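Asker: The file below is structure.tsv, TSV, C-alpha atoms:
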chain	number	residue	atom	x	y	z
A	1	MET	CA	-3.14	-13.15	-30.44
A	2	THR	CA	-4.67	-15.06	-27.52
A	3	THR	CA	-6.99	-13.00	-25.31
A	4	ARG	CA	-8.00	-14.69	-22.07
A	5	GLU	CA	-11.15	-13.72	-20.15
A	6	VAL	CA	-11.69	-14.66	-16.50
A	7	GLU	CA	-14.21	-13.83	-13.80
A	8	HIS	CA	-14.00	-13.96	-10.01
A	9	GLU	CA	-16.85	-13.23	-7.62
A	10	ILE	CA	-17.71	-12.98	-3.94
A	11	THR	CA	-20.80	-12.25	-1.82
A	12	ILE	CA	-20.47	-9.47	0.75
A	13	GLY	CA	-22.67	-8.74	3.76
A	14	ALA	CA	-23.02	-5.01	3.07
A	15	PRO	CA	-25.09	-2.73	0.81
A	16	ALA	CA	-23.95	-2.50	-2.84
A	17	ALA	CA	-23.52	1.31	-2.60
A	18	ALA	CA	-21.07	0.96	0.32
A	19	VAL	CA	-18.99	-1.57	-1.64
A	20	TYR	CA	-18.96	0.65	-4.73
A	21	GLN	CA	-17.85	3.66	-2.66
A	22	LEU	CA	-14.84	1.81	-1.25
A	23	LEU	CA	-13.76	0.64	-4.72
A	24	ALA	CA	-14.31	4.04	-6.34
A	25	ASP	CA	-11.88	5.87	-4.02
A	26	VAL	CA	-8.42	4.56	-5.03
A	27	THR	CA	-6.73	6.14	-1.98
A	28	ASN	CA	-8.35	3.30	0.04
A	29	TRP	CA	-6.68	0.57	-1.99
A	30	PRO	CA	-3.37	0.08	-0.13
A	31	ARG	CA	-5.43	-0.37	3.07
A	32	ILE	CA	-7.96	-2.75	1.51
A	33	PHE	CA	-5.99	-4.85	-0.95
A	34	PRO	CA	-2.91	-6.86	0.14
A	35	PRO	CA	-1.14	-6.66	-3.28
A	36	THR	CA	-1.54	-2.84	-3.58
A	37	ILE	CA	1.45	-0.83	-2.33
A	38	HIS	CA	0.47	2.68	-3.41
A	39	VAL	CA	-1.96	4.43	-5.79
A	40	ASP	CA	-1.77	7.94	-7.24
A	41	GLN	CA	-4.62	9.67	-9.03
A	42	VAL	CA	-2.84	11.29	-12.00
A	43	GLU	CA	-5.87	12.88	-13.71
A	44	ALA	CA	-9.60	13.14	-12.97
A	45	GLU	CA	-12.39	14.65	-15.05
A	46	GLY	CA	-16.04	13.82	-14.47
A	47	ASN	CA	-16.33	10.03	-14.20
A	48	GLU	CA	-13.02	9.41	-16.00
A	49	GLU	CA	-9.70	9.10	-14.17
A	50	LYS	CA	-6.14	8.06	-14.81
A	51	ILE	CA	-4.37	6.27	-11.95
A	52	ARG	CA	-0.91	4.88	-11.38
A	53	ILE	CA	-0.71	1.70	-9.32
A	54	TRP	CA	2.25	0.06	-7.59
A	55	ALA	CA	1.44	-3.52	-6.54
A	56	THR	CA	2.90	-7.00	-6.27
A	57	ALA	CA	2.14	-9.66	-8.90
A	58	ASN	CA	3.23	-13.20	-7.97
A	59	GLY	CA	5.34	-11.60	-5.22
A	60	GLN	CA	7.17	-9.23	-7.61
A	61	PRO	CA	6.65	-5.46	-7.30
A	62	LYS	CA	5.27	-3.90	-10.51
A	63	ASN	CA	3.75	-0.59	-11.53
A	64	TRP	CA	1.39	0.45	-14.31
A	65	THR	CA	-0.98	3.21	-15.39
A	66	SER	CA	-4.70	2.59	-15.86
A	67	ARG	CA	-7.72	4.55	-17.04
A	68	ARG	CA	-10.97	4.03	-15.13
A	69	THR	CA	-14.57	4.93	-15.92
A	70	LEU	CA	-16.80	5.22	-12.86
A	71	ASP	CA	-20.53	4.49	-13.14
A	72	PRO	CA	-22.10	5.22	-9.72
A	73	GLU	CA	-25.67	4.65	-11.02
A	74	GLY	CA	-24.86	1.29	-12.62
A	75	LEU	CA	-22.46	0.35	-9.77
A	76	ARG	CA	-19.72	-0.49	-12.29
A	77	ILE	CA	-16.10	0.52	-12.68
A	78	THR	CA	-14.33	-0.34	-15.93
A	79	PHE	CA	-10.55	-0.20	-16.16
A	80	ARG	CA	-7.94	-0.53	-18.88
A	81	GLN	CA	-4.18	-0.56	-18.31
A	82	GLU	CA	-2.66	2.24	-20.37
A	83	VAL	CA	0.98	1.36	-19.74
A	84	PRO	CA	1.01	-2.31	-18.64
A	85	ALA	CA	3.94	-3.94	-16.85
A	86	GLU	CA	5.76	-6.74	-18.69
A	87	PRO	CA	4.91	-9.47	-19.66
A	88	VAL	CA	1.36	-8.06	-20.07
A	89	LYS	CA	0.47	-6.78	-23.56
A	90	HIS	CA	-3.03	-5.61	-22.67
A	91	MET	CA	-5.13	-5.84	-19.50
A	92	GLY	CA	-8.58	-4.56	-18.72
A	93	GLY	CA	-11.78	-5.44	-16.96
A	94	THR	CA	-14.79	-4.40	-14.91
A	95	TRP	CA	-15.89	-4.35	-11.30
A	96	ILE	CA	-19.64	-5.10	-11.21
A	97	ILE	CA	-21.51	-4.71	-7.90
A	98	GLU	CA	-24.98	-6.30	-7.76
A	99	GLU	CA	-27.53	-5.69	-5.01
A	100	LEU	CA	-28.79	-8.94	-3.48
A	101	GLY	CA	-30.70	-7.30	-0.61
A	102	ALA	CA	-30.57	-4.30	1.72
A	103	ASP	CA	-27.43	-5.65	3.41
A	104	GLU	CA	-25.98	-8.04	0.86
A	105	SER	CA	-24.27	-7.66	-2.51
A	106	ARG	CA	-22.37	-9.69	-5.06
A	107	VAL	CA	-19.09	-8.37	-6.49
A	108	ARG	CA	-17.92	-9.69	-9.85
A	109	LEU	CA	-14.41	-8.90	-11.05
A	110	LEU	CA	-13.87	-9.45	-14.79
A	111	HIS	CA	-10.47	-9.42	-16.53
A	112	ASP	CA	-9.36	-9.74	-20.14
A	113	TYR	CA	-5.66	-9.91	-20.97
A	114	SER	CA	-2.97	-10.99	-23.41
A	115	ALA	CA	0.79	-11.55	-23.25
A	116	ILE	CA	3.60	-9.93	-25.24
A	117	ASN	CA	4.43	-12.16	-28.27
A	118	ASP	CA	1.61	-14.51	-27.17
A	119	ASP	CA	4.20	-16.38	-25.06
A	120	PRO	CA	2.48	-19.43	-23.39
A	121	HIS	CA	4.80	-19.23	-20.35
A	122	ASP	CA	3.95	-15.53	-19.88
A	123	LEU	CA	0.22	-16.21	-20.34
A	124	LEU	CA	0.42	-18.76	-17.53
A	125	TRP	CA	2.34	-16.26	-15.34
A	126	ILE	CA	-0.37	-13.60	-15.94
A	127	GLU	CA	-3.15	-16.13	-15.31
A	128	ARG	CA	-1.61	-17.03	-11.93
A	129	ALA	CA	-1.07	-13.36	-11.00
A	130	VAL	CA	-4.66	-12.40	-11.95
A	131	ASP	CA	-6.11	-15.38	-10.09
A	132	LYS	CA	-3.99	-14.85	-6.97
A	133	ASN	CA	-4.56	-11.08	-6.82
A	134	SER	CA	-8.29	-11.25	-7.66
A	135	THR	CA	-8.91	-13.93	-5.01
A	136	SER	CA	-6.98	-12.02	-2.31
A	137	GLU	CA	-8.51	-8.65	-3.32
A	138	LEU	CA	-12.09	-9.92	-3.18
A	139	ALA	CA	-11.51	-11.64	0.17
A	140	ALA	CA	-9.91	-8.48	1.58
A	141	LEU	CA	-12.70	-6.30	0.16
A	142	LYS	CA	-15.29	-8.53	1.89
A	143	THR	CA	-13.43	-8.36	5.22
A	144	ASN	CA	-12.94	-4.58	5.09
A	145	VAL	CA	-16.43	-3.69	3.89
A	146	GLU	CA	-18.13	-5.95	6.44
A	147	LEU	CA	-15.98	-4.60	9.26
A	148	ALA	CA	-16.65	-1.01	8.24
A	149	HIS	CA	-20.36	-1.77	7.85
A	150	ALA	CA	-20.39	-3.26	11.35
A	151	ALA	CA	-18.66	-0.04	12.54
A	152	GLU	CA	-16.03	-2.00	14.47
A	153	THR	CA	-12.96	-0.65	12.69
A	154	GLU	CA	-12.83	2.83	14.14
A	155	GLU	CA	-10.85	1.74	17.16
A	156	LEU	CA	-8.79	-0.87	15.29
A	157	THR	CA	-7.60	1.37	12.43
A	158	PHE	CA	-5.91	4.65	13.29
A	159	SER	CA	-3.46	7.16	11.83
A	160	PHE	CA	-0.95	9.62	13.28
A	161	VAL	CA	1.90	11.89	12.16
A	162	ASP	CA	5.28	12.87	13.65
A	163	THR	CA	6.85	16.08	12.28
A	164	VAL	CA	10.12	17.98	12.77
A	165	GLN	CA	11.11	21.46	11.59
A	166	ILE	CA	14.49	21.50	9.81
A	167	ALA	CA	16.75	24.42	8.91
A	168	GLY	CA	18.50	23.26	5.76
A	169	ASN	CA	17.90	21.63	2.41
A	170	ALA	CA	14.88	19.30	2.06
A	171	LYS	CA	16.81	17.18	-0.46
A	172	ASP	CA	19.39	16.23	2.22
A	173	ALA	CA	16.71	14.99	4.62
A	174	PHE	CA	14.99	13.20	1.75
A	175	ASP	CA	18.31	11.52	0.83
A	176	PHE	CA	18.72	10.34	4.43
A	177	ILE	CA	15.32	8.58	4.35
A	178	ASN	CA	15.78	7.35	0.78
A	179	GLU	CA	19.23	5.82	1.48
A	180	ALA	CA	17.80	3.20	3.82
A	181	ASP	CA	20.66	0.85	2.90
A	182	ARG	CA	22.84	3.04	5.19
A	183	TRP	CA	20.45	3.03	8.16
A	184	ALA	CA	22.31	0.29	10.07
A	185	GLU	CA	25.30	2.65	10.39
A	186	ARG	CA	23.20	5.81	10.82
A	187	LEU	CA	20.36	4.73	13.14
A	188	PRO	CA	20.92	3.06	16.52
A	189	HIS	CA	17.61	1.14	16.46
A	190	VAL	CA	18.36	-0.52	13.08
A	191	ALA	CA	20.49	-3.68	13.25
A	192	VAL	CA	20.50	-5.00	9.67
A	193	VAL	CA	19.16	-3.63	6.36
A	194	ARG	CA	18.61	-5.26	2.95
A	195	LEU	CA	17.52	-2.81	0.22
A	196	ALA	CA	16.82	-3.68	-3.43
A	197	GLU	CA	15.72	-1.25	-6.15
A	198	ASP	CA	15.44	-3.25	-9.40
A	199	THR	CA	12.95	-0.73	-10.82
A	200	PRO	CA	14.02	2.90	-10.21
A	201	GLY	CA	11.76	4.45	-7.59
A	202	LEU	CA	10.36	1.12	-6.37
A	203	GLN	CA	12.25	-0.29	-3.38
A	204	GLU	CA	12.09	-3.54	-1.45
A	205	LEU	CA	13.28	-2.90	2.11
A	206	GLU	CA	13.86	-5.60	4.71
A	207	MET	CA	15.29	-4.69	8.09
A	208	ASP	CA	15.84	-5.89	11.62
A	209	THR	CA	15.04	-3.26	14.25
A	210	ARG	CA	15.73	-3.31	17.98
A	211	ALA	CA	12.88	-2.57	20.37
A	212	LYS	CA	13.38	-0.81	23.71
A	213	ASP	CA	13.38	-4.18	25.51
A	214	GLY	CA	16.28	-5.36	23.31
A	215	SER	CA	14.24	-7.75	21.18
A	216	VAL	CA	14.86	-7.69	17.41
A	217	HIS	CA	12.00	-7.64	14.87
A	218	THR	CA	12.24	-8.28	11.13
A	219	THR	CA	9.96	-6.25	8.88
A	220	LYS	CA	9.67	-6.02	5.10
A	221	SER	CA	8.23	-3.08	3.16
A	222	TYR	CA	7.82	-1.93	-0.40
A	223	ARG	CA	8.56	1.79	-0.89
A	224	VAL	CA	7.55	4.10	-3.75
A	225	VAL	CA	9.90	7.08	-4.13
A	226	PHE	CA	8.86	10.53	-5.41
A	227	PRO	CA	12.06	12.66	-5.41
A	228	HIS	CA	12.46	14.82	-3.37
A	229	HIS	CA	9.14	15.27	-1.61
A	230	LYS	CA	7.58	11.91	-0.70
A	231	ILE	CA	8.31	8.23	0.00
A	232	ALA	CA	5.19	6.08	0.40
A	233	TYR	CA	5.45	2.56	1.80
A	234	LYS	CA	3.53	-0.53	2.80
A	235	GLN	CA	4.80	-3.15	5.22
A	236	VAL	CA	4.22	-6.70	4.00
A	237	THR	CA	5.98	-8.54	6.84
A	238	LEU	CA	4.30	-7.18	9.95
A	239	PRO	CA	4.84	-7.30	13.70
A	240	ALA	CA	2.36	-9.53	15.56
A	241	LEU	CA	0.11	-6.69	16.75
A	242	MET	CA	-0.70	-5.37	13.25
A	243	THR	CA	-2.62	-6.62	10.22
A	244	LEU	CA	-1.86	-3.42	8.25
A	245	HIS	CA	0.82	-0.73	8.30
A	246	THR	CA	1.12	1.88	5.54
A	247	GLY	CA	2.86	5.23	5.72
A	248	GLU	CA	4.49	8.20	4.04
A	249	TRP	CA	7.60	10.27	4.60
A	250	THR	CA	6.92	13.81	3.31
A	251	PHE	CA	9.08	16.93	2.97
A	252	GLU	CA	7.49	20.39	2.68
A	253	ASP	CA	9.08	23.84	2.40
A	254	ASN	CA	8.06	26.67	4.71
A	255	ALA	CA	9.36	30.10	5.83
A	256	GLU	CA	11.81	28.63	8.40
A	257	GLY	CA	13.21	25.93	6.12
A	258	PHE	CA	11.06	22.84	5.75
A	259	THR	CA	9.23	20.14	7.70
A	260	ALA	CA	9.86	16.41	7.49
A	261	SER	CA	6.94	14.20	8.54
A	262	SER	CA	6.31	10.51	9.10
A	263	GLN	CA	2.66	9.45	8.74
A	264	HIS	CA	1.42	5.99	9.81
A	265	THR	CA	-1.87	4.16	9.26
A	266	VAL	CA	-2.26	0.97	11.29
A	267	THR	CA	-4.86	-1.75	11.77
A	268	LEU	CA	-4.47	-3.77	14.97
A	269	ASN	CA	-4.41	-7.57	15.06
A	270	THR	CA	-6.80	-8.32	17.94
A	271	ASP	CA	-5.95	-12.06	17.84
A	272	ASN	CA	-2.47	-11.36	19.29
A	273	ILE	CA	-3.22	-8.70	21.93
A	274	ALA	CA	-3.52	-11.13	24.86
A	275	ARG	CA	-0.43	-13.12	23.80
A	276	ILE	CA	1.78	-10.04	23.42
A	277	LEU	CA	0.43	-7.68	26.09
A	278	GLY	CA	-1.20	-10.05	28.59
A	279	PRO	CA	-4.74	-11.41	29.16
A	280	GLU	CA	-6.02	-8.15	30.67
A	281	ALA	CA	-4.88	-5.95	27.77
A	282	THR	CA	-7.52	-3.99	25.85
A	283	VAL	CA	-7.67	-2.61	22.30
A	284	ALA	CA	-6.82	0.81	23.79
A	285	ASP	CA	-3.67	-0.69	25.38
A	286	ALA	CA	-2.64	-2.20	22.04
A	287	ARG	CA	-3.25	1.12	20.26
A	288	ALA	CA	-1.07	2.96	22.78
A	289	TYR	CA	1.66	0.30	22.60
A	290	VAL	CA	1.82	0.26	18.78
A	291	HIS	CA	1.58	4.06	18.52
A	292	THR	CA	4.46	4.48	21.00
A	293	ALA	CA	6.65	1.84	19.31
A	294	LEU	CA	6.21	3.29	15.81
A	295	SER	CA	6.41	6.90	16.94
A	296	THR	CA	9.62	6.23	18.92
A	297	ASN	CA	11.31	4.79	15.82
A	298	SER	CA	10.06	7.37	13.33
A	299	SER	CA	10.84	10.28	15.68
A	300	ALA	CA	14.38	8.92	16.15
A	301	THR	CA	14.77	8.58	12.36
A	302	LEU	CA	13.44	12.14	11.82
A	303	ALA	CA	15.82	13.51	14.48
A	304	HIS	CA	18.79	11.87	12.72
A	305	ALA	CA	17.56	13.14	9.31
A	306	LYS	CA	17.30	16.64	10.81
A	307	ALA	CA	20.86	16.49	12.23
A	308	TYR	CA	22.16	15.16	8.91
A	309	ALA	CA	20.46	17.91	6.84
A	310	GLU	CA	21.40	20.73	9.26
A	311	GLN	CA	25.01	19.57	9.43
A	312	LYS	CA	25.18	19.57	5.62
A	313	ALA	CA	23.67	23.07	5.55
What is this structure when it is put down as C-alpha cells?
Answerer:
Amino acid sequence: MTTREVEHEITIGAPAAAVYQLLADVTNWPRIFPPTIHVDQVEAEGNEEKIRIWATANGQPKNWTSRRTLDPEGLRITFRQEVPAEPVKHMGGTWIIEELGADESRVRLLHDYSAINDDPHDLLWIERAVDKNSTSELAALKTNVELAHAAETEELTFSFVDTVQIAGNAKDAFDFINEADRWAERLPHVAVVRLAEDTPGLQELEMDTRAKDGSVHTTKSYRVVFPHHKIAYKQVTLPALMTLHTGEWTFEDNAEGFTASSQHTVTLNTDNIARILGPEATVADARAYVHTALSTNSSATLAHAKAYAEQKA
C-alpha cells in the first residue's frame, strides 16, 4: 500500500499561542477555513476529542469523523480520520505551531494518506484535494489570525438571530426549511431554486433571490441537516458585501409550542462598500444594510414556516 506524506507551511504575524487557540476550537473552523462547511464535536475527554467535519474536497461536499489529540504545551494538534470519505483509505496528520518571536509564528500542516485499493487515479485526486485545502486553509488561517490580532475584526464580523414562536409541530416548520426545493412556490422573495442532496443530510442549494429594489442575486450554500432540530449552512457564492456568511436554522420546544430561529454570522467585504453603498458609506452603514437584507429574508421565511406549521396543526 502506498502511503504519501506531505507538508505545507506558512508564517503568521501573531503569537503562537493565539494561532493554537484558534485551531483548537473547532467551532471556529467554518468561519476560518473556506472548505469547512460545519463541524460538530461528538465527544470530548481531557485532551482527546472526536469531531465530525463536513467540508468540500476538490469542490465536492464530503463528511468524515476524526479523532484529535490536543497538546497546548507543545502547541501541536494531531488528527486521524476515523471514518474517512471515499476514495481515502486512511488520512491523518499534525498541526505544529512554532514560535518565531513575540508576534510571529510558523504553522506546519503535515498529512499522511493512502487510497482505497491503492488506485493511482484516486491517489492523485487525494493529493490535489490535500494540496488545495491545505494551501487555502493556511492562507485563511493567516488572514483571520492577523486580523483578530490587530483587533480590526470586531466591527467587520457580527452575528444576530431572528426568532418566531410557533403553535404547532416543530417537524412541520423543520420540513418547510428543509424542503428548500419548494421555496420558489412558497416564498415570494425566492425566484429560482436548485437543490441537490447526493449524500443524505448534505445539501447543495443554489437560489436566485429578489431584493427589495427588484434586483436578483444568486447565492450558493452547502447545508448540513440534523432532523428535526437544526440545519447548519455556509454560503460559498456570496453577495458583494460579504466575505463570509454562515448560519443555522434551529427548532426548540417550549411550553407554548416551539421557537424557530435563524442565526447569521457575517464578515463584511470592505473592498466593495463604496461601490455598492456610495463613497461616503461607512462600515456601520454596511453592517446595517447587510443585517437588514438578511433579516428581512429570514424573517419572511420564518413567518411562512410558522403559517405552514400552524395551518397543519
Asker: Taking all atoms listed in the file into account, name the residue in A:Glu252, A:Glu9, A:Glu155, A:Glu310 that is nearest to Thr270 (chain A).
Answerer: A:Glu155
Asker: List as number ranges by chain the protein and nucleic acid residues near Ser105 (chain A), meaning an atom at most 7 Å away when only C-alpha atoms are counted, but skip any in the same chain fewer than 3 places from it.
Answerer: A: 11-16, 97-101
Asker: Find the residues near Val224 (chain A): any atom within 8 Å, counting all atoms listed in the file, skip ones fewer than 2 places away on the same chain, and give them as a list in words.
Answerer: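 Answer for this query is Ile37, His38, Trp54, Gly201, Leu202, Gln203, Tyr222, Phe226, Ile231, Ala232 and Tyr233 of chain A.
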Asker: Keeping only C-alpha atoms, write the selected residues to a file as a PDB file, in the frame of the given file.
Answerer:
ATOM      1  CA  ILE A  37       1.450  -0.830  -2.330  1.00  0.00           C
ATOM      2  CA  HIS A  38       0.470   2.680  -3.410  1.00  0.00           C
ATOM      3  CA  TRP A  54       2.250   0.060  -7.590  1.00  0.00           C
ATOM      4  CA  GLY A 201      11.760   4.450  -7.590  1.00  0.00           C
ATOM      5  CA  LEU A 202      10.360   1.120  -6.370  1.00  0.00           C
ATOM      6  CA  GLN A 203      12.250  -0.290  -3.380  1.00  0.00           C
ATOM      7  CA  TYR A 222       7.820  -1.930  -0.400  1.00  0.00           C
ATOM      8  CA  PHE A 226       8.860  10.530  -5.410  1.00  0.00           C
ATOM      9  CA  ILE A 231       8.310   8.230   0.000  1.00  0.00           C
ATOM     10  CA  ALA A 232       5.190   6.080   0.400  1.00  0.00           C
ATOM     11  CA  TYR A 233       5.450   2.560   1.800  1.00  0.00           C
TER      12      TYR A 233
END
Asker: In Å, how far is it from CA of Glu197 (chain A) to CA of Pro61 (chain A)?
Answerer: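 Those two atoms sit 10.1 Å apart.
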Asker: Closest to Leu241 (chain A) among A:Lys212, A:Arg182, A:Arg80, A:Arg287, using only C-alpha atoms?
Answerer: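 Going through A:Lys212, A:Arg182, A:Arg80, A:Arg287 one by one, the smallest distance to Leu241 (chain A) is for A:Arg287.
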Asker: Rounded to one decimal place, report the CA of Thr157 (chain A)-CA of Thr143 (chain A) distance in Å.
Answerer: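 Going from CA of Thr157 (chain A) over to CA of Thr143 (chain A) covers 13.4 Å.
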Asker: Report as JSON, numbers by chain all protein, DNA and RNA residues lying within 12 Å of Gly59 (chain A), evaluated on only C-alpha atoms, omitting residues in the same chain fewer than 6 positions from it.
Answerer: {"A": [34, 35, 36, 37, 125, 128, 129, 132, 133, 204, 222, 236]}
Asker: Starting from the point (7.6, -9.4, 16.8), work out which residues of protein, DNA or RNA have an atom no more than 8 Å away when counting only C-alpha atoms; state them as a count of residues only.
Answerer: 7
Asker: What does the structure give for the distance between CA of Arg210 (chain A) and CA of Ile177 (chain A), in Å to one decimal?
Answerer: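 A separation of 18.1 Å between them.
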Asker: Could you give me region 225-250 of chain A completed to N, CA and C atoms, formatted as a short mmCIF file (atom, residue, chain, number, x, y, z; two decimals), in the frame of the given file?
Answerer:
data_model
loop_
_atom_site.label_atom_id
_atom_site.label_comp_id
_atom_site.auth_asym_id
_atom_site.auth_seq_id
_atom_site.Cartn_x
_atom_site.Cartn_y
_atom_site.Cartn_z
N VAL A 225 9.12 5.85 -4.35
CA VAL A 225 9.90 7.08 -4.13
C VAL A 225 9.50 8.17 -5.12
N PHE A 226 9.16 9.35 -4.60
CA PHE A 226 8.86 10.53 -5.41
C PHE A 226 9.87 11.62 -5.05
N PRO A 227 11.02 11.67 -5.78
CA PRO A 227 12.06 12.66 -5.41
C PRO A 227 11.50 14.09 -5.56
N HIS A 228 11.79 14.99 -4.66
CA HIS A 228 12.46 14.82 -3.37
C HIS A 228 11.45 15.16 -2.28
N HIS A 229 10.17 14.80 -2.55
CA HIS A 229 9.14 15.27 -1.61
C HIS A 229 8.35 14.18 -0.88
N LYS A 230 8.40 12.93 -1.37
CA LYS A 230 7.58 11.91 -0.70
C LYS A 230 8.15 10.50 -0.92
N ILE A 231 8.05 9.66 0.12
CA ILE A 231 8.31 8.23 0.00
C ILE A 231 7.13 7.52 0.67
N ALA A 232 6.34 6.81 -0.14
CA ALA A 232 5.19 6.08 0.40
C ALA A 232 5.58 4.62 0.56
N TYR A 233 5.07 3.96 1.60
CA TYR A 233 5.45 2.56 1.80
C TYR A 233 4.31 1.73 2.36
N LYS A 234 4.47 0.42 2.20
CA LYS A 234 3.53 -0.53 2.80
C LYS A 234 4.34 -1.69 3.35
N GLN A 235 4.11 -2.00 4.61
CA GLN A 235 4.80 -3.15 5.22
C GLN A 235 4.06 -4.43 4.82
N VAL A 236 4.83 -5.42 4.38
CA VAL A 236 4.22 -6.70 4.00
C VAL A 236 4.59 -7.82 4.97
N THR A 237 5.68 -7.64 5.72
CA THR A 237 5.98 -8.54 6.84
C THR A 237 5.78 -7.70 8.09
N LEU A 238 4.76 -8.06 8.87
CA LEU A 238 4.30 -7.18 9.95
C LEU A 238 4.59 -7.74 11.33
N PRO A 239 4.77 -6.85 12.32
CA PRO A 239 4.84 -7.30 13.70
C PRO A 239 3.50 -7.93 14.12
N ALA A 240 3.52 -8.72 15.16
CA ALA A 240 2.36 -9.53 15.56
C ALA A 240 1.10 -8.71 15.89
N LEU A 241 1.27 -7.47 16.33
CA LEU A 241 0.11 -6.69 16.75
C LEU A 241 -0.58 -5.93 15.61
N MET A 242 -0.10 -6.11 14.37
CA MET A 242 -0.70 -5.37 13.25
C MET A 242 -1.12 -6.29 12.11
N THR A 243 -2.24 -5.94 11.47
CA THR A 243 -2.62 -6.62 10.22
C THR A 243 -2.38 -5.69 9.03
N LEU A 244 -2.13 -4.39 9.31
CA LEU A 244 -1.86 -3.42 8.25
C LEU A 244 -0.95 -2.33 8.80
N HIS A 245 0.01 -1.91 7.98
CA HIS A 245 0.82 -0.73 8.30
C HIS A 245 1.26 -0.09 6.99
N THR A 246 0.68 1.09 6.69
CA THR A 246 1.12 1.88 5.54
C THR A 246 1.61 3.22 6.07
N GLY A 247 2.38 3.93 5.25
CA GLY A 247 2.86 5.23 5.72
C GLY A 247 3.48 6.05 4.62
N GLU A 248 3.83 7.28 4.98
CA GLU A 248 4.49 8.20 4.04
C GLU A 248 5.48 9.06 4.78
N TRP A 249 6.65 9.24 4.18
CA TRP A 249 7.60 10.27 4.60
C TRP A 249 7.38 11.45 3.65
N THR A 250 7.14 12.65 4.19
CA THR A 250 6.92 13.81 3.31
C THR A 250 7.81 14.97 3.74
#
